[in-house]
Amino acid sequence: MKPEIIQYCPLMPGLEAALAERFTVHRFFEDKDPEGFLARHAGAIRGFVTGGHLGLPPDLGAKLPALEIVAINGVGFDKVDLNEAKRRGVRVANTPDVLTEDVADLAIGLSIALLRQIVKGDAYVRAGQWLGGDLALGAKVSRRRFGIFGLGRIGRAIARRLEGFDAQIAYSDRVKLDVPYDFEDTPQALAARSDVFVVAAAASAETRNVIDRSVIDAIGPKGIIVNVARGSLVDEPALLAALKEGRIGGAALDVFADEPRVPDGFFGLPNVVLTPHMASATGETRQAMADLVLANLVAHFAGEPLPTALV
């Protein structure tokens, strides 16, 4: 018999078809009676496929006694309790590396879009305002001071791209690394020397709201923040207040604390660029992620090592 798995969110059609061939898939996100479903099927569920932005809610995981593996379609794993998974002997896998390039590319793109006013310029032309005069001047990208908070795979890829802009690159991480960039041991110190403060660290309990008012104020009224990590790292109300009060120059955000719900206060601000958590949203990368999700599930149920195991 095919192993029974829960699909917790929509996936690429090709991945959904491949899962349906190999497993009995329960599309939990479409179920109108989730408690009724669990009463009937919880004891048979051996796999759980989810997105990094959703993870596995602890109360739901506790109701799946036969669970063997959680396959995350994404690099983030902050919404899966790895300690609990270890305790229960549940395997957890994500899809690292394959999305690094795209996330780094978007971080650069967001920086350019905000500093060079690309979104504002597009709206300016479309509204016919160019007929009345030129758009106000933007800010230079090249040779600017960039601070990267979190120099993991994605942070390093961002830094490599910034080298092409002759940027002054500094970073903050848990420890000093063997890299040719300046190190600052606190986000506040990094922010104080950054024109562009890029958030690229992993989300965890320790990093929740780590970019708080003190960091935001250190970035200052001439600096900007770019977030391609997780919304939970930034104190969103503090950032919104700083933007409205002019204590920070601008923000380019791909992630938010309560996605897809975005605070309305951001919408009317001229000094922000907002995107819908699309850093890894290219056809090529999403296919590579889908391939890894399937590979991890197939390997587990075949008794083979997981290609990208977290637990």
# chains A, B, ... in the order shown; residues from 1 in each chain; ligands from 1

$ residues_around --residues "Gly109 of chain A" --least-positions-apart "3" --cutoff "12 Å" --atoms "only C-alpha atoms" --output "ChimeraX atom specification"
/A:102-106,112-119,141,158,161-162,198,226-228,252-254,273-275,278-279

$ residues_around --residues "Gln188 of chain A" --least-positions-apart "6" --cutoff "7 Å" --atoms "only C-alpha atoms" --output "PyMOL selection string"
chain A and resi 214-215+218

$ closest_residue --among "A:Pro96, A:Gly76, A:Gly164, A:Pro180" --to "Leu292 of chain A" --atoms "only C-alpha atoms"
A:Pro96

$ select_by_dssp --residues "segment 35-93 of chain A" --states "helix (DSSP H, G or I)" --output "ChimeraX atom specification"
/A:35-44,58-61,82-88

$ closest_residue --among "A:Asp97, A:Glu206, A:Arg153, A:Val196" --to "Arg174 of chain A" --atoms "only C-alpha atoms"
A:Glu206

$ residues_around --residues "segment 24-38 of chain A" --least-positions-apart "3" --cutoff "12 Å" --atoms "only C-alpha atoms" --output "JSON, numbers by chain"
{"A": [1, 2, 3, 4, 5, 6, 7, 8, 9, 10, 11, 15, 16, 17, 18, 19, 20, 21, 41, 42, 43, 44, 45, 46, 47, 48, 49, 50, 51, 54, 59, 60, 61, 62, 63, 64, 65]}

$ select_by_dssp --residues "segment 74-268 of chain A" --states "strand (DSSP E or B)" --output "JSON, numbers by chain"
{"A": [91, 92, 93, 145, 146, 147, 148, 149, 168, 169, 170, 171, 172, 182, 183, 196, 197, 198, 199, 211, 224, 225, 226, 227, 234, 250, 251, 252, 253, 258, 261]}

$ residues_around --residues "Gly152 of chain A" --least-positions-apart "4" --cutoff "8 Å" --atoms "only C-alpha atoms" --output "PyMOL selection string"
chain A and resi 156+200-201

$ write_last_selection --atoms "N, CA, C and O atoms" --output "short mmCIF file (atom, residue, chain, number, x, y, z; two decimals), in the first residue's frame"
data_model
loop_
_atom_site.label_atom_id
_atom_site.label_comp_id
_atom_site.auth_asym_id
_atom_site.auth_seq_id
_atom_site.Cartn_x
_atom_site.Cartn_y
_atom_site.Cartn_z
N ARG A 156 26.36 35.12 2.01
CA ARG A 156 27.61 35.13 1.23
C ARG A 156 27.35 35.35 -0.25
O ARG A 156 28.13 36.02 -0.93
N ALA A 200 19.51 38.70 6.20
CA ALA A 200 19.63 37.42 5.51
C ALA A 200 19.83 36.27 6.48
O ALA A 200 20.21 35.17 6.07
N ALA A 201 19.56 36.48 7.76
CA ALA A 201 19.78 35.45 8.77
C ALA A 201 18.59 34.49 8.85
O ALA A 201 17.47 34.82 8.45
#

$ residues_around --residues "segment 256-260 of chain A" --least-positions-apart "5" --cutoff "9 Å" --atoms "only C-alpha atoms" --output "ChimeraX atom specification"
/A:53,227,230-236,276-277

$ closest_residue --among "A:Phe149, A:Phe183, A:Trp130, A:Phe266" --to "Lys244 of chain A" --atoms "only C-alpha atoms"
A:Phe266

$ residues_around --residues "Ala288 of chain A" --least-positions-apart "5" --cutoff "10 Å" --atoms "only C-alpha atoms" --output "ChimeraX atom specification"
/A:95,97-99,282-283,293

$ closest_residue --among "A:Val311, A:Val255, A:Leu297, A:Ala66" --to "Ala229 of chain A" --atoms "only C-alpha atoms"
A:Val255

$ atom_distance --atom1 "atom CA of Arg143 of chain A" --atom2 "atom CA of Phe165 of chain A"
6.2 Å

$ closest_residue --among "A:Ala39, A:Glu284, A:Pro57, A:Val92" --to "Asn296 of chain A" --atoms "only C-alpha atoms"
A:Val92

$ decode --residues "segment 169-181 of chain A" --atoms "N, CA and C atoms" --output "short mmCIF file (atom, residue, chain, number, x, y, z; two decimals), in the first residue's frame"
data_model
loop_
_atom_site.label_atom_id
_atom_site.label_comp_id
_atom_site.auth_asym_id
_atom_site.auth_seq_id
_atom_site.Cartn_x
_atom_site.Cartn_y
_atom_site.Cartn_z
N ILE A 169 31.56 46.22 2.16
CA ILE A 169 30.74 45.14 2.73
C ILE A 169 31.18 44.83 4.16
N ALA A 170 30.21 44.81 5.06
CA ALA A 170 30.43 44.36 6.43
C ALA A 170 29.32 43.37 6.77
N TYR A 171 29.51 42.64 7.85
CA TYR A 171 28.51 41.63 8.23
C TYR A 171 28.48 41.44 9.73
N SER A 172 27.40 40.83 10.18
CA SER A 172 27.28 40.40 11.57
C SER A 172 26.74 38.98 11.57
N ASP A 173 27.34 38.14 12.39
CA ASP A 173 26.90 36.75 12.52
C ASP A 173 27.21 36.30 13.94
N ARG A 174 26.89 35.05 14.25
CA ARG A 174 27.13 34.57 15.61
C ARG A 174 28.61 34.55 15.96
N VAL A 175 29.45 34.29 14.98
CA VAL A 175 30.91 34.29 15.19
C VAL A 175 31.56 34.97 13.99
N LYS A 176 32.80 35.39 14.18
CA LYS A 176 33.57 35.96 13.08
C LYS A 176 33.97 34.84 12.13
N LEU A 177 33.84 35.10 10.85
CA LEU A 177 34.09 34.09 9.83
C LEU A 177 35.33 34.42 9.02
N ASP A 178 35.84 33.42 8.32
CA ASP A 178 37.03 33.61 7.50
C ASP A 178 36.60 34.12 6.13
N VAL A 179 36.26 35.40 6.08
CA VAL A 179 35.80 36.04 4.86
C VAL A 179 36.47 37.41 4.75
N PRO A 180 36.55 37.96 3.54
CA PRO A 180 37.23 39.25 3.36
C PRO A 180 36.34 40.46 3.60
N TYR A 181 35.46 40.36 4.59
CA TYR A 181 34.55 41.45 4.90
C TYR A 181 34.71 41.85 6.37
#
